[in-house]
file my_file_8.tsv (TSV, C-alpha atoms)
chain	number	residue	atom	x	y	z
Y	1	MET	CA	-165.75	-4.72	-30.05
Y	2	GLU	CA	-169.45	-5.03	-29.09
Y	3	VAL	CA	-168.51	-5.67	-25.45
Y	4	GLN	CA	-166.21	-2.66	-25.49
Y	5	ASN	CA	-168.98	-0.43	-26.82
Y	6	VAL	CA	-171.44	-1.66	-24.19
Y	7	SER	CA	-168.98	-0.97	-21.37
Y	8	GLN	CA	-168.34	2.52	-22.72
Y	9	THR	CA	-172.06	3.23	-22.95
Y	10	MET	CA	-172.56	2.15	-19.35
Y	11	GLY	CA	-169.72	4.38	-18.21
Y	12	LEU	CA	-167.66	1.50	-16.84
Y	13	THR	CA	-164.49	2.01	-18.87
Y	14	ASP	CA	-163.04	4.86	-16.82
Y	15	TYR	CA	-163.57	3.03	-13.54
Y	16	LYS	CA	-162.11	-0.20	-14.89
Y	17	ASN	CA	-159.05	1.50	-16.34
Y	18	GLU	CA	-158.38	3.38	-13.12
Y	19	ARG	CA	-158.59	0.20	-11.06
Y	20	LEU	CA	-156.33	-1.68	-13.48
Y	21	LYS	CA	-153.76	1.10	-13.21
Y	22	GLN	CA	-153.87	0.90	-9.43
Y	23	ILE	CA	-153.60	-2.89	-9.32
Y	24	SER	CA	-150.80	-2.87	-11.91
Y	25	LYS	CA	-148.90	-0.34	-9.81
Y	26	GLN	CA	-149.34	-2.49	-6.69
Y	27	ILE	CA	-147.99	-5.58	-8.44
Y	28	TYR	CA	-145.02	-3.73	-9.94
Y	29	SER	CA	-144.18	-2.14	-6.59
Y	30	LYS	CA	-144.19	-5.48	-4.76
Y	31	VAL	CA	-142.12	-7.27	-7.42
Y	32	ASP	CA	-139.58	-4.44	-7.57
Y	33	LYS	CA	-139.26	-4.34	-3.79
Y	34	LEU	CA	-138.77	-8.10	-3.56
Y	35	GLN	CA	-136.20	-8.13	-6.36
Y	36	ASN	CA	-134.16	-5.22	-5.01
Y	37	PRO	CA	-133.66	-5.52	-1.25
Y	38	PRO	CA	-130.87	-3.46	0.32
Y	39	LYS	CA	-127.61	-5.00	-0.84
Y	40	ASN	CA	-126.44	-5.64	2.71
Y	41	LEU	CA	-129.58	-7.73	3.32
Y	42	CYS	CA	-129.26	-10.08	0.35
Y	43	ASP	CA	-127.81	-12.83	2.54
Y	44	SER	CA	-130.75	-12.77	4.93
Y	45	VAL	CA	-133.78	-12.35	2.63
Y	46	SER	CA	-135.80	-15.37	1.62
Y	47	LYS	CA	-134.66	-16.43	-1.85
Y	48	LEU	CA	-136.06	-18.56	-4.62
Y	49	ILE	CA	-133.23	-20.24	-6.50
Y	50	CYS	CA	-134.42	-20.53	-10.07
Y	51	LYS	CA	-132.33	-22.65	-12.41
Y	52	LEU	CA	-133.04	-21.52	-15.94
Y	53	SER	CA	-132.00	-24.60	-17.88
Y	54	VAL	CA	-134.51	-24.62	-20.73
Y	55	ASP	CA	-133.30	-25.82	-24.10
Y	56	ALA	CA	-135.82	-23.61	-25.82
Y	57	GLY	CA	-136.32	-20.37	-27.67
Y	58	PHE	CA	-136.60	-16.81	-26.43
Y	59	ALA	CA	-140.30	-16.75	-25.50
Y	60	SER	CA	-140.12	-20.07	-23.65
Y	61	GLY	CA	-137.18	-18.80	-21.63
Y	62	ILE	CA	-139.07	-15.63	-20.69
Y	63	HIS	CA	-142.02	-17.76	-19.59
Y	64	GLU	CA	-139.71	-19.78	-17.33
Y	65	ILE	CA	-138.60	-16.54	-15.67
Y	66	LEU	CA	-142.27	-15.58	-15.37
Y	67	TRP	CA	-142.93	-18.81	-13.47
Y	68	CYS	CA	-140.09	-18.05	-11.07
Y	69	LEU	CA	-141.20	-14.46	-10.45
Y	70	LEU	CA	-144.80	-15.50	-9.90
Y	71	SER	CA	-143.80	-18.15	-7.35
Y	72	ALA	CA	-141.60	-15.65	-5.53
Y	73	TYR	CA	-144.41	-13.08	-5.56
Y	74	TYR	CA	-146.74	-15.41	-3.64
Y	75	ASN	CA	-144.02	-16.45	-1.18
Y	76	ASN	CA	-142.41	-13.03	-0.65
Y	77	GLN	CA	-139.05	-14.14	-2.03
Y	78	THR	CA	-136.26	-12.69	-4.15
Y	79	VAL	CA	-135.61	-14.59	-7.37
Y	80	ILE	CA	-131.99	-15.61	-7.89
Y	81	LEU	CA	-131.59	-17.05	-11.37
Y	82	ILE	CA	-128.94	-19.65	-12.15
Y	83	PRO	CA	-129.18	-19.99	-15.91
Y	84	ASP	CA	-128.00	-22.29	-18.58
Y	85	TRP	CA	-130.02	-20.90	-21.45
Y	86	THR	CA	-128.77	-22.92	-24.36
Y	87	LYS	CA	-130.14	-21.06	-27.37
Y	88	TYR	CA	-129.37	-17.39	-27.94
Y	89	PHE	CA	-126.80	-17.12	-25.18
Y	90	GLY	CA	-124.67	-20.23	-25.68
Y	91	ARG	CA	-123.72	-23.24	-23.59
Y	92	THR	CA	-120.43	-22.14	-22.01
Y	93	PRO	CA	-120.01	-21.76	-18.22
Y	94	ASP	CA	-120.17	-17.96	-18.39
Y	95	VAL	CA	-123.60	-17.92	-20.04
Y	96	TRP	CA	-125.14	-16.05	-17.12
Y	97	GLU	CA	-122.54	-13.32	-17.24
Y	98	ARG	CA	-123.37	-12.78	-20.91
Y	99	MET	CA	-127.09	-12.85	-20.25
Y	100	PHE	CA	-127.75	-10.90	-17.12
Y	101	LEU	CA	-124.55	-9.20	-15.97
Y	102	SER	CA	-122.23	-6.58	-17.37
Y	103	LEU	CA	-119.41	-8.94	-18.31
Y	104	PHE	CA	-119.51	-8.83	-22.10
Y	105	THR	CA	-116.90	-11.43	-23.00
Y	106	THR	CA	-117.44	-11.89	-26.72
Y	107	ARG	CA	-118.89	-10.00	-29.66
Y	108	SER	CA	-120.64	-13.15	-30.80
Y	109	ARG	CA	-123.24	-12.89	-28.00
Y	110	GLU	CA	-125.45	-10.16	-26.62
Y	111	ASN	CA	-125.54	-8.93	-23.03
Y	112	TRP	CA	-128.94	-9.03	-21.30
Y	113	ASN	CA	-128.30	-5.79	-19.41
Y	114	ASP	CA	-127.62	-3.95	-22.65
Y	115	ILE	CA	-131.10	-4.90	-23.87
Y	116	PHE	CA	-133.29	-5.23	-20.78
Y	117	GLN	CA	-133.11	-3.85	-17.28
Y	118	PRO	CA	-131.69	-6.37	-14.77
Y	119	LEU	CA	-134.10	-8.36	-12.65
Y	120	SER	CA	-132.16	-7.30	-9.57
Y	121	THR	CA	-129.63	-4.52	-9.05
Y	122	SER	CA	-128.59	-5.68	-5.59
Y	123	CYS	CA	-128.52	-9.51	-5.38
Y	124	ASP	CA	-126.12	-11.60	-7.46
Y	125	TYR	CA	-126.12	-15.38	-7.85
Y	126	LYS	CA	-122.31	-15.37	-7.66
Y	127	ASP	CA	-122.52	-14.27	-4.02
Y	128	LEU	CA	-124.55	-17.32	-3.00
Y	129	PRO	CA	-122.90	-20.02	-0.87
Y	130	LYS	CA	-122.19	-23.26	-2.72
Y	131	ASP	CA	-124.87	-25.22	-0.88
Y	132	GLN	CA	-127.51	-22.84	-2.27
Y	133	LEU	CA	-126.02	-22.85	-5.74
Y	134	ASN	CA	-126.17	-26.65	-5.79
Y	135	ALA	CA	-129.63	-26.86	-4.27
Y	136	PRO	CA	-131.87	-29.50	-5.89
Y	137	GLU	CA	-134.39	-28.22	-8.37
Y	138	ARG	CA	-137.89	-27.57	-7.12
Y	139	PRO	CA	-140.73	-29.93	-8.09
Y	140	ASN	CA	-141.74	-28.74	-11.51
Y	141	THR	CA	-144.62	-30.82	-12.85
Y	142	VAL	CA	-147.83	-29.47	-14.32
Y	143	ILE	CA	-149.46	-30.15	-10.95
Y	144	ASP	CA	-146.82	-28.08	-9.16
Y	145	ARG	CA	-147.47	-25.26	-11.56
Y	146	LYS	CA	-151.17	-25.07	-10.75
Y	147	LEU	CA	-150.27	-21.73	-9.17
Y	148	MET	CA	-150.31	-20.32	-12.71
Y	149	ASN	CA	-154.11	-20.60	-12.66
Y	150	GLU	CA	-154.58	-18.77	-9.37
Y	151	LEU	CA	-155.08	-15.10	-8.58
Y	152	PRO	CA	-154.13	-13.20	-5.41
Y	153	LYS	CA	-156.96	-12.97	-2.89
Y	154	GLN	CA	-156.21	-9.27	-2.52
Y	155	PHE	CA	-157.72	-8.41	-5.91
Y	156	GLY	CA	-158.46	-11.69	-7.68
Y	157	SER	CA	-162.24	-11.45	-7.40
Y	158	GLU	CA	-162.20	-7.91	-8.69
Y	159	LEU	CA	-160.09	-8.86	-11.70
Y	160	MET	CA	-162.57	-11.61	-12.54
Y	161	ASP	CA	-165.40	-9.07	-12.39
Y	162	ILE	CA	-163.85	-6.44	-14.66
Y	163	LEU	CA	-161.63	-8.42	-17.03
Y	164	ASP	CA	-161.85	-11.11	-19.65
Y	165	GLY	CA	-158.96	-13.52	-19.10
Y	166	PRO	CA	-157.79	-12.21	-15.68
Y	167	ASN	CA	-155.02	-14.81	-15.39
Y	168	SER	CA	-153.27	-13.70	-18.57
Y	169	TRP	CA	-153.59	-10.06	-17.45
Y	170	PHE	CA	-152.03	-10.92	-14.09
Y	171	HIS	CA	-149.19	-12.79	-15.80
Y	172	SER	CA	-148.69	-9.86	-18.15
Y	173	GLN	CA	-147.65	-7.65	-15.23
Y	174	PHE	CA	-144.65	-9.92	-14.63
Y	175	VAL	CA	-143.83	-10.13	-18.33
Y	176	GLY	CA	-143.82	-6.33	-18.44
Y	177	TYR	CA	-141.35	-6.28	-15.56
Y	178	ILE	CA	-139.06	-8.84	-17.18
Y	179	LEU	CA	-139.04	-7.07	-20.56
Y	180	ARG	CA	-138.32	-3.53	-19.38
Y	181	PRO	CA	-136.21	-2.18	-22.24
Y	182	GLN	CA	-132.89	-0.41	-21.95
Y	183	PRO	CA	-132.33	2.72	-24.11
Y	184	ARG	CA	-130.53	0.59	-26.70
Y	185	LEU	CA	-133.62	-1.54	-27.33
Y	186	GLU	CA	-135.92	1.48	-27.25
Y	187	GLU	CA	-133.82	3.15	-29.92
Y	188	PHE	CA	-133.78	-0.01	-32.03
Y	189	ILE	CA	-137.58	-0.33	-31.90
Y	190	LYS	CA	-138.02	3.36	-32.68
Y	191	ASN	CA	-135.75	3.15	-35.74
Y	192	PHE	CA	-137.35	-0.07	-37.00
Y	193	LYS	CA	-140.84	1.41	-36.75
Y	194	LYS	CA	-139.68	4.44	-38.70
Y	195	GLN	CA	-138.00	2.23	-41.31
Y	196	ILE	CA	-141.18	0.26	-42.08
Y	197	ASN	CA	-143.56	3.21	-41.50
Y	198	TYR	CA	-145.35	1.59	-38.57
Y	199	ARG	CA	-148.51	3.52	-37.65
Y	200	HIS	CA	-152.09	3.15	-36.44
Y	201	PRO	CA	-154.65	1.71	-36.78
Y	202	ILE	CA	-152.82	-1.55	-37.41
Y	203	VAL	CA	-153.38	-5.28	-37.04
Y	204	GLY	CA	-150.42	-7.50	-36.21
Y	205	ILE	CA	-150.32	-11.09	-37.44
Y	206	GLN	CA	-147.80	-13.75	-36.52
Y	207	VAL	CA	-147.58	-16.73	-38.87
Y	208	ARG	CA	-145.58	-19.49	-37.17
Y	209	ARG	CA	-144.33	-22.20	-39.51
Y	210	THR	CA	-141.03	-24.17	-39.92
Y	211	ASP	CA	-140.26	-26.54	-37.01
Y	212	LYS	CA	-143.56	-25.84	-35.25
Y	213	ILE	CA	-145.30	-27.55	-38.16
Y	214	SER	CA	-142.68	-30.14	-39.13
Y	215	TYR	CA	-142.35	-31.38	-35.52
Y	216	GLY	CA	-146.10	-31.82	-35.22
Y	217	GLU	CA	-146.52	-29.20	-32.49
Y	218	ALA	CA	-149.15	-27.22	-34.38
Y	219	LEU	CA	-151.34	-27.37	-37.44
Y	220	TYR	CA	-150.74	-25.47	-40.67
Y	221	TYR	CA	-153.05	-22.51	-41.32
Y	222	PRO	CA	-153.09	-20.78	-44.72
Y	223	ILE	CA	-152.75	-17.01	-44.75
Y	224	SER	CA	-156.38	-16.71	-45.85
Y	225	ASP	CA	-157.41	-17.94	-42.38
Y	226	TYR	CA	-155.53	-15.07	-40.76
Y	227	MET	CA	-157.01	-12.54	-43.15
Y	228	VAL	CA	-160.58	-13.50	-42.29
Y	229	SER	CA	-160.05	-12.10	-38.79
Y	230	VAL	CA	-158.07	-9.12	-40.10
Y	231	GLU	CA	-160.88	-8.19	-42.48
Y	232	ASP	CA	-163.48	-8.64	-39.74
Y	233	TYR	CA	-161.55	-6.28	-37.44
Y	234	PHE	CA	-161.30	-3.52	-40.03
Y	235	ASP	CA	-164.93	-3.95	-41.14
Y	236	LYS	CA	-166.06	-3.30	-37.57
Y	237	LEU	CA	-163.59	-0.49	-37.03
Y	238	GLU	CA	-164.84	1.34	-40.11
Y	239	LEU	CA	-168.32	1.44	-38.60
Y	240	THR	CA	-167.03	3.87	-35.97
Y	241	GLN	CA	-164.15	5.73	-37.63
Y	242	GLN	CA	-162.47	6.43	-40.94
Y	243	VAL	CA	-159.60	4.10	-41.80
Y	244	PRO	CA	-157.33	5.69	-44.43
Y	245	GLN	CA	-155.45	2.45	-45.08
Y	246	ARG	CA	-155.90	-1.11	-43.87
Y	247	LEU	CA	-152.45	-1.73	-42.42
Y	248	VAL	CA	-151.05	-5.07	-41.26
Y	249	TYR	CA	-147.74	-5.81	-39.53
Y	250	VAL	CA	-146.48	-9.27	-40.51
Y	251	ALA	CA	-144.24	-11.37	-38.25
Y	252	SER	CA	-143.23	-14.81	-39.49
Y	253	ASP	CA	-140.44	-17.35	-39.63
Y	254	ASP	CA	-141.43	-18.09	-43.25
Y	255	PRO	CA	-140.03	-15.56	-45.77
Y	256	SER	CA	-142.70	-16.46	-48.33
Y	257	VAL	CA	-145.57	-15.15	-46.18
Y	258	LEU	CA	-145.11	-11.39	-46.65
Y	259	PRO	CA	-144.80	-11.55	-50.48
Y	260	GLN	CA	-147.86	-13.82	-50.64
Y	261	LEU	CA	-149.95	-11.40	-48.64
Y	262	ILE	CA	-148.88	-8.43	-50.74
Y	263	LYS	CA	-149.78	-10.29	-53.93
Y	264	GLN	CA	-153.10	-11.77	-52.81
Y	265	TYR	CA	-154.52	-8.78	-50.91
Y	266	PRO	CA	-153.75	-5.64	-52.93
Y	267	ASN	CA	-156.24	-3.53	-50.96
Y	268	TYR	CA	-154.15	-3.88	-47.82
Y	269	GLU	CA	-150.74	-2.50	-46.92
Y	270	PHE	CA	-148.42	-5.07	-45.35
Y	271	ILE	CA	-145.26	-4.10	-43.51
Y	272	GLY	CA	-142.57	-6.21	-41.88
Y	273	SER	CA	-139.13	-7.63	-42.60
Y	274	THR	CA	-138.52	-10.45	-45.06
Y	275	SER	CA	-134.86	-10.49	-44.03
Y	276	ASN	CA	-135.82	-11.21	-40.40
Y	277	ALA	CA	-138.03	-14.06	-41.63
Y	278	LYS	CA	-135.17	-15.52	-43.68
Y	279	ILE	CA	-132.89	-15.52	-40.64
Y	280	ALA	CA	-135.56	-17.24	-38.52
Y	281	PHE	CA	-136.28	-19.72	-41.31
Y	282	SER	CA	-132.76	-21.14	-41.42
Y	283	GLN	CA	-131.67	-23.54	-38.67
Y	284	THR	CA	-128.12	-22.21	-38.93
Y	285	THR	CA	-129.13	-18.62	-38.11
Y	286	ARG	CA	-132.32	-19.08	-36.07
Y	287	TYR	CA	-130.53	-18.57	-32.74
Y	288	SER	CA	-128.08	-15.91	-33.89
Y	289	ASN	CA	-127.85	-12.34	-32.62
Y	290	GLU	CA	-129.59	-11.13	-35.77
Y	291	SER	CA	-132.47	-13.51	-35.15
Y	292	LEU	CA	-132.76	-12.36	-31.53
Y	293	TRP	CA	-133.18	-8.74	-32.63
Y	294	GLY	CA	-135.75	-9.82	-35.20
Y	295	ILE	CA	-137.73	-11.58	-32.46
Y	296	LEU	CA	-137.54	-8.48	-30.26
Y	297	ALA	CA	-138.89	-6.36	-33.12
Y	298	ASP	CA	-141.78	-8.78	-33.67
Y	299	VAL	CA	-142.71	-9.10	-30.00
Y	300	PHE	CA	-142.68	-5.36	-29.32
Y	301	LEU	CA	-144.46	-4.32	-32.52
Y	302	LEU	CA	-147.09	-7.02	-32.18
Y	303	SER	CA	-147.68	-5.85	-28.61
Y	304	GLU	CA	-148.22	-2.29	-29.83
Y	305	SER	CA	-150.72	-3.34	-32.50
Y	306	ASP	CA	-154.41	-2.57	-32.09
Y	307	TYR	CA	-155.32	-6.22	-32.69
Y	308	ILE	CA	-153.35	-9.48	-32.95
Y	309	VAL	CA	-154.17	-12.50	-35.13
Y	310	CYS	CA	-151.96	-15.51	-34.51
Y	311	THR	CA	-151.86	-19.03	-33.05
Y	312	PHE	CA	-151.51	-19.35	-29.30
Y	313	SER	CA	-149.66	-22.63	-29.82
Y	314	SER	CA	-146.76	-20.26	-30.53
Y	315	ALA	CA	-144.92	-18.99	-27.45
Y	316	ILE	CA	-143.96	-15.80	-29.33
Y	317	CYS	CA	-147.64	-15.16	-30.00
Y	318	ARG	CA	-148.56	-15.64	-26.32
Y	319	LEU	CA	-145.64	-13.50	-25.16
Y	320	SER	CA	-146.63	-10.68	-27.55
Y	321	TYR	CA	-150.21	-10.79	-26.30
Y	322	GLN	CA	-149.03	-10.71	-22.67
Y	323	LEU	CA	-146.85	-7.68	-23.36
Y	324	MET	CA	-149.80	-6.07	-25.16
Y	325	ARG	CA	-151.98	-6.52	-22.09
Y	326	TYR	CA	-149.30	-4.91	-19.95
Y	327	LYS	CA	-148.60	-1.96	-22.23
Y	328	GLN	CA	-152.19	-1.29	-23.27
Y	329	LEU	CA	-153.71	-1.74	-19.80
Y	330	ASP	CA	-156.24	-4.40	-20.81
Y	331	ALA	CA	-156.45	-5.56	-24.46
Y	332	SER	CA	-158.49	-8.62	-23.41
Y	333	LEU	CA	-160.61	-8.39	-26.59
Y	334	GLN	CA	-157.84	-7.41	-28.98
Y	335	TYR	CA	-156.77	-10.81	-30.28
Y	336	ARG	CA	-157.81	-13.83	-32.32
Y	337	SER	CA	-156.08	-17.18	-31.93
Y	338	LEU	CA	-156.64	-19.58	-34.81
Y	339	ASP	CA	-155.93	-22.68	-32.77
Y	340	VAL	CA	-155.80	-23.03	-29.00
Y	341	PRO	CA	-156.93	-20.61	-26.29
Y	342	PHE	CA	-154.45	-18.62	-24.24
Y	343	HIS	CA	-152.57	-20.80	-21.78
Y	344	TYR	CA	-149.37	-21.12	-19.84
Y	345	HIS	CA	-147.49	-24.10	-21.23
Y	346	HIS	CA	-146.49	-26.94	-18.88
Y	347	SER	CA	-149.30	-26.24	-16.41
Y	348	LEU	CA	-152.88	-27.32	-16.02
Y	349	THR	CA	-155.34	-25.17	-17.88
Y	350	PRO	CA	-158.16	-23.58	-15.88
Y	351	ILE	CA	-160.99	-25.92	-14.97
Y	352	ARG	CA	-164.08	-25.67	-17.17
Y	353	ALA	CA	-167.53	-26.78	-16.04
Y	354	VAL	CA	-169.97	-28.77	-18.17
Y	355	VAL	CA	-173.27	-26.92	-18.60
Y	356	TYR	CA	-175.14	-29.47	-20.77
Y	357	ASN	CA	-175.54	-33.23	-20.49
Y	358	HIS	CA	-174.10	-35.16	-23.42
Y	359	ARG	CA	-174.74	-38.78	-24.34
Y	360	PRO	CA	-171.90	-40.16	-26.49
Y	361	LYS	CA	-172.77	-41.20	-30.04
Y	362	SER	CA	-169.46	-42.98	-30.63
Y	363	GLU	CA	-166.51	-44.41	-28.72
Y	364	GLU	CA	-164.56	-41.21	-29.37
Y	365	GLN	CA	-167.08	-39.13	-27.39
Y	366	TRP	CA	-167.53	-38.87	-23.64
Y	367	ASN	CA	-170.57	-39.21	-21.43
Y	368	LEU	CA	-170.80	-35.76	-19.86
Y	369	ARG	CA	-173.04	-34.58	-17.06
Y	370	ILE	CA	-173.87	-31.09	-15.88
Y	371	GLY	CA	-171.35	-30.11	-13.23
Y	372	ASP	CA	-168.47	-32.24	-14.54
Y	373	ARG	CA	-165.21	-30.34	-14.47
Y	374	LEU	CA	-162.62	-30.59	-17.22
Y	375	HIS	CA	-159.01	-29.62	-17.74
Y	376	GLU	CA	-158.39	-28.70	-21.34
Y	377	ARG	CA	-155.41	-30.59	-22.72
Y	378	ILE	CA	-153.07	-28.60	-24.94
Y	379	ARG	CA	-150.34	-30.76	-26.42
Y	380	GLY	CA	-149.53	-32.96	-29.39
Y	381	ARG	CA	-151.07	-31.52	-32.53
Y	382	PHE	CA	-153.18	-29.05	-30.61
Y	383	THR	CA	-156.47	-30.54	-31.73
Y	384	GLU	CA	-158.16	-29.37	-28.51
Y	385	TRP	CA	-159.66	-32.07	-26.35
Y	386	PHE	CA	-160.20	-32.51	-22.65
Y	387	ASP	CA	-159.21	-34.71	-19.73
Y	388	GLN	CA	-162.23	-35.58	-17.61
Y	389	SER	CA	-161.74	-36.38	-13.97
Y	390	ILE	CA	-164.93	-35.77	-12.03
Y	391	ASN	CA	-167.55	-37.94	-10.32
Y	392	GLY	CA	-165.24	-40.95	-10.30
Y	393	ARG	CA	-165.22	-41.23	-14.11
Y	394	VAL	CA	-161.79	-41.05	-15.66
Y	395	TYR	CA	-160.73	-40.89	-19.32
Y	396	ASP	CA	-157.30	-41.61	-20.80
Y	397	ASP	CA	-156.25	-43.17	-17.48
Y	398	ILE	CA	-155.70	-39.73	-15.98
Y	399	GLU	CA	-157.34	-38.50	-12.81
Y	400	LEU	CA	-156.59	-34.95	-11.78
Y	401	VAL	CA	-158.72	-34.55	-8.67
call {"tool": "encode", "arguments": {"input": "my_file_8.tsv", "output": "structure tokens"}}
result
Amino acid sequence: MEVQNVSQTMGLTDYKNERLKQISKQIYSKVDKLQNPPKNLCDSVSKLICKLSVDAGFASGIHEILWCLLSAYYNNQTVILIPDWTKYFGRTPDVWERMFLSLFTTRSRENWNDIFQPLSTSCDYKDLPKDQLNAPERPNTVIDRKLMNELPKQFGSELMDILDGPNSWFHSQFVGYILRPQPRLEEFIKNFKKQINYRHPIVGIQVRRTDKISYGEALYYPISDYMVSVEDYFDKLELTQQVPQRLVYVASDDPSVLPQLIKQYPNYEFIGSTSNAKIAFSQTTRYSNESLWGILADVFLLSESDYIVCTFSSAICRLSYQLMRYKQLDASLQYRSLDVPFHYHHSLTPIRAVVYNHRPKSEEQWNLRIGDRLHERIRGRFTEWFDQSINGRVYDDIELV
């Protein structure tokens, strides 16, 4: 908030916002042109065959599509997705028809085109020759995905000058393209917001529990940890404007979270859906149609919040923040992650430079020198440590340079 106030005082906000609008428009225009060539030219355009075969949840699947679109953007290609998304859209051979085409074969599954706009209105994977359909998958290691940490030369330097977290903002432009809602989804979001009396100013929190904790992918954080950042946001906001009610939107896969918050913080108003949390909590309903719509409600309402408090170890949290940055133009200072920094999973994190020498005081510490470069490792229990790989000194038997 302090940085925002300084930029406003210096008169930089209007210029920055105008440039972000222009750059966003340029990115959207290029992606849309690449994805929608004239139908009679689909055979001749350069294509990126993207096999969506993730056995993962909604946000992870969207991030896979993001990776494909970003690669195609740099190489001037049209993305042709060949999916086998095994969660919300089933495992049968016609999964793609139910996801991205207008062939609604069963009432037990949703149709992607009824919810989101299609990635391409002119090129169809079914028209590809068999040799392209059966093409081997591209190299897909974290090293191959280093592209996720790069910015286009055309405006990369400028984004670094005017934005905090320019990579996540750049990625958000592709997320915004992927998640363009159809009227059906827009109407659903509108009705849900009316039902729970969603309004501003509002903080959105996402409390990820269940398998994320039990599988050791993230640490458990009590709701009091989230509320520290919520209270801090409203305390600062009230220095500049009147806040009639401290309002918090609650998204969680744990149905006990919303009642706990209501009981322990009577001076706040909490809104959300306990029924959505119950559906997400149960393994038998987590990947049902009802759960999908609950996720869509959470992602879109979190993205419309004035501030997000969550854990970036959660893909839903990162996806919501990306959509926020797309819809709200910047939003680089409108979040608080309780665990790890923002990142794109399955790729190297941006290199960080050591600015102080450090002499280890135990075997668990490293000998660091000014100028050493580090890749932050984000995996396991997300306890945040680094791989060092500079000046010929290697830790954990990994050398990345």
call {"tool": "closest_atom_pairs", "arguments": {"input": "my_file_8.tsv", "of": "range 163-192 of chain Y", "to": "range 315-335 of chain Y", "cutoff": "9 Å", "atoms": "all atoms listed in the file", "output": "CSV"}}
result
residue,atom,partner,partner_atom,distance
Y:Leu163,CA,Y:Ser332,CA,7.1
Y:Asp164,CA,Y:Ser332,CA,5.6
Y:Gly165,CA,Y:Ser332,CA,6.5
Y:Pro166,CA,Y:Ser332,CA,8.6
Y:Ser168,CA,Y:Gln322,CA,6.6
Y:Trp169,CA,Y:Arg325,CA,6.1
Y:Phe170,CA,Y:Tyr326,CA,8.8
Y:His171,CA,Y:Gln322,CA,7.2
Y:Ser172,CA,Y:Gln322,CA,4.6
Y:Gln173,CA,Y:Tyr326,CA,5.7
Y:Phe174,CA,Y:Tyr326,CA,8.7
Y:Val175,CA,Y:Leu323,CA,6.4
Y:Gly176,CA,Y:Tyr326,CA,5.9
Y:Leu179,CA,Y:Leu323,CA,8.3
call {"tool": "write_last_selection", "arguments": {"input": "my_file_8.tsv", "atoms": "C-alpha atoms", "output": "PDB file, keeping the file's coordinate frame"}}
result
ATOM      1  CA  LEU Y 163    -161.630  -8.420 -17.030  1.00  0.00           C
ATOM      2  CA  ASP Y 164    -161.850 -11.110 -19.650  1.00  0.00           C
ATOM      3  CA  GLY Y 165    -158.960 -13.520 -19.100  1.00  0.00           C
ATOM      4  CA  PRO Y 166    -157.790 -12.210 -15.680  1.00  0.00           C
ATOM      5  CA  SER Y 168    -153.270 -13.700 -18.570  1.00  0.00           C
ATOM      6  CA  TRP Y 169    -153.590 -10.060 -17.450  1.00  0.00           C
ATOM      7  CA  PHE Y 170    -152.030 -10.920 -14.090  1.00  0.00           C
ATOM      8  CA  HIS Y 171    -149.190 -12.790 -15.800  1.00  0.00           C
ATOM      9  CA  SER Y 172    -148.690  -9.860 -18.150  1.00  0.00           C
ATOM     10  CA  GLN Y 173    -147.650  -7.650 -15.230  1.00  0.00           C
ATOM     11  CA  PHE Y 174    -144.650  -9.920 -14.630  1.00  0.00           C
ATOM     12  CA  VAL Y 175    -143.830 -10.130 -18.330  1.00  0.00           C
ATOM     13  CA  GLY Y 176    -143.820  -6.330 -18.440  1.00  0.00           C
ATOM     14  CA  LEU Y 179    -139.040  -7.070 -20.560  1.00  0.00           C
TER      15      LEU Y 179
END
call {"tool": "closest_residue", "arguments": {"input": "my_file_8.tsv", "among": "Y:His200, Y:Ser273, Y:Gln260, Y:Lys361", "to": "Gln242 in chain Y", "atoms": "only C-alpha atoms"}}
result
Y:His200
call {"tool": "atom_distance", "arguments": {"input": "my_file_8.tsv", "atom1": "CA of Val248 in chain Y", "atom2": "CA of Ile202 in chain Y"}}
result
5.5 Å
call {"tool": "residues_around", "arguments": {"input": "my_file_8.tsv", "residues": "range 30-36 of chain Y", "least_positions_apart": "3", "cutoff": "7 Å", "atoms": "all atoms listed in the file", "output": "list in words"}}
result
Gln26, Ile27, Tyr73, Asn76, Gln77, Thr78, Val79, Leu119, Ser120, Thr121 and Ser122 of chain Y
call {"tool": "atom_distance", "arguments": {"input": "my_file_8.tsv", "atom1": "CA of Thr240 in chain Y", "atom2": "CA of Phe312 in chain Y"}}
result
28.7 Å
call {"tool": "closest_residue", "arguments": {"input": "my_file_8.tsv", "among": "Y:Leu48, Y:Ile115, Y:Met227, Y:Ile205", "to": "Arg180 in chain Y", "atoms": "all atoms listed in the file"}}
result
Y:Ile115
call {"tool": "axis_aligned_box", "arguments": {"input": "my_file_8.tsv", "around": "range 289-306 of chain Y", "padding_each_side": "4 Å", "output": "JSON"}}
result
{"center_x": -141.1, "center_y": -7.9, "center_z": -32.2, "size_x": 34.6, "size_y": 19.2, "size_z": 15.2}
call {"tool": "residues_around", "arguments": {"input": "my_file_8.tsv", "residues": "range 366-373 of chain Y", "least_positions_apart": "5", "cutoff": "6 Å", "atoms": "all atoms listed in the file", "output": "CSV table (one decimal) with C-alpha atoms, keeping the file's coordinate frame"}}
result
chain,number,residue,atom,x,y,z
Y,352,ARG,CA,-164.1,-25.7,-17.2
Y,353,ALA,CA,-167.5,-26.8,-16.0
Y,354,VAL,CA,-170.0,-28.8,-18.2
Y,355,VAL,CA,-173.3,-26.9,-18.6
Y,356,TYR,CA,-175.1,-29.5,-20.8
Y,357,ASN,CA,-175.5,-33.2,-20.5
Y,358,HIS,CA,-174.1,-35.2,-23.4
Y,359,ARG,CA,-174.7,-38.8,-24.3
Y,360,PRO,CA,-171.9,-40.2,-26.5
Y,390,ILE,CA,-164.9,-35.8,-12.0
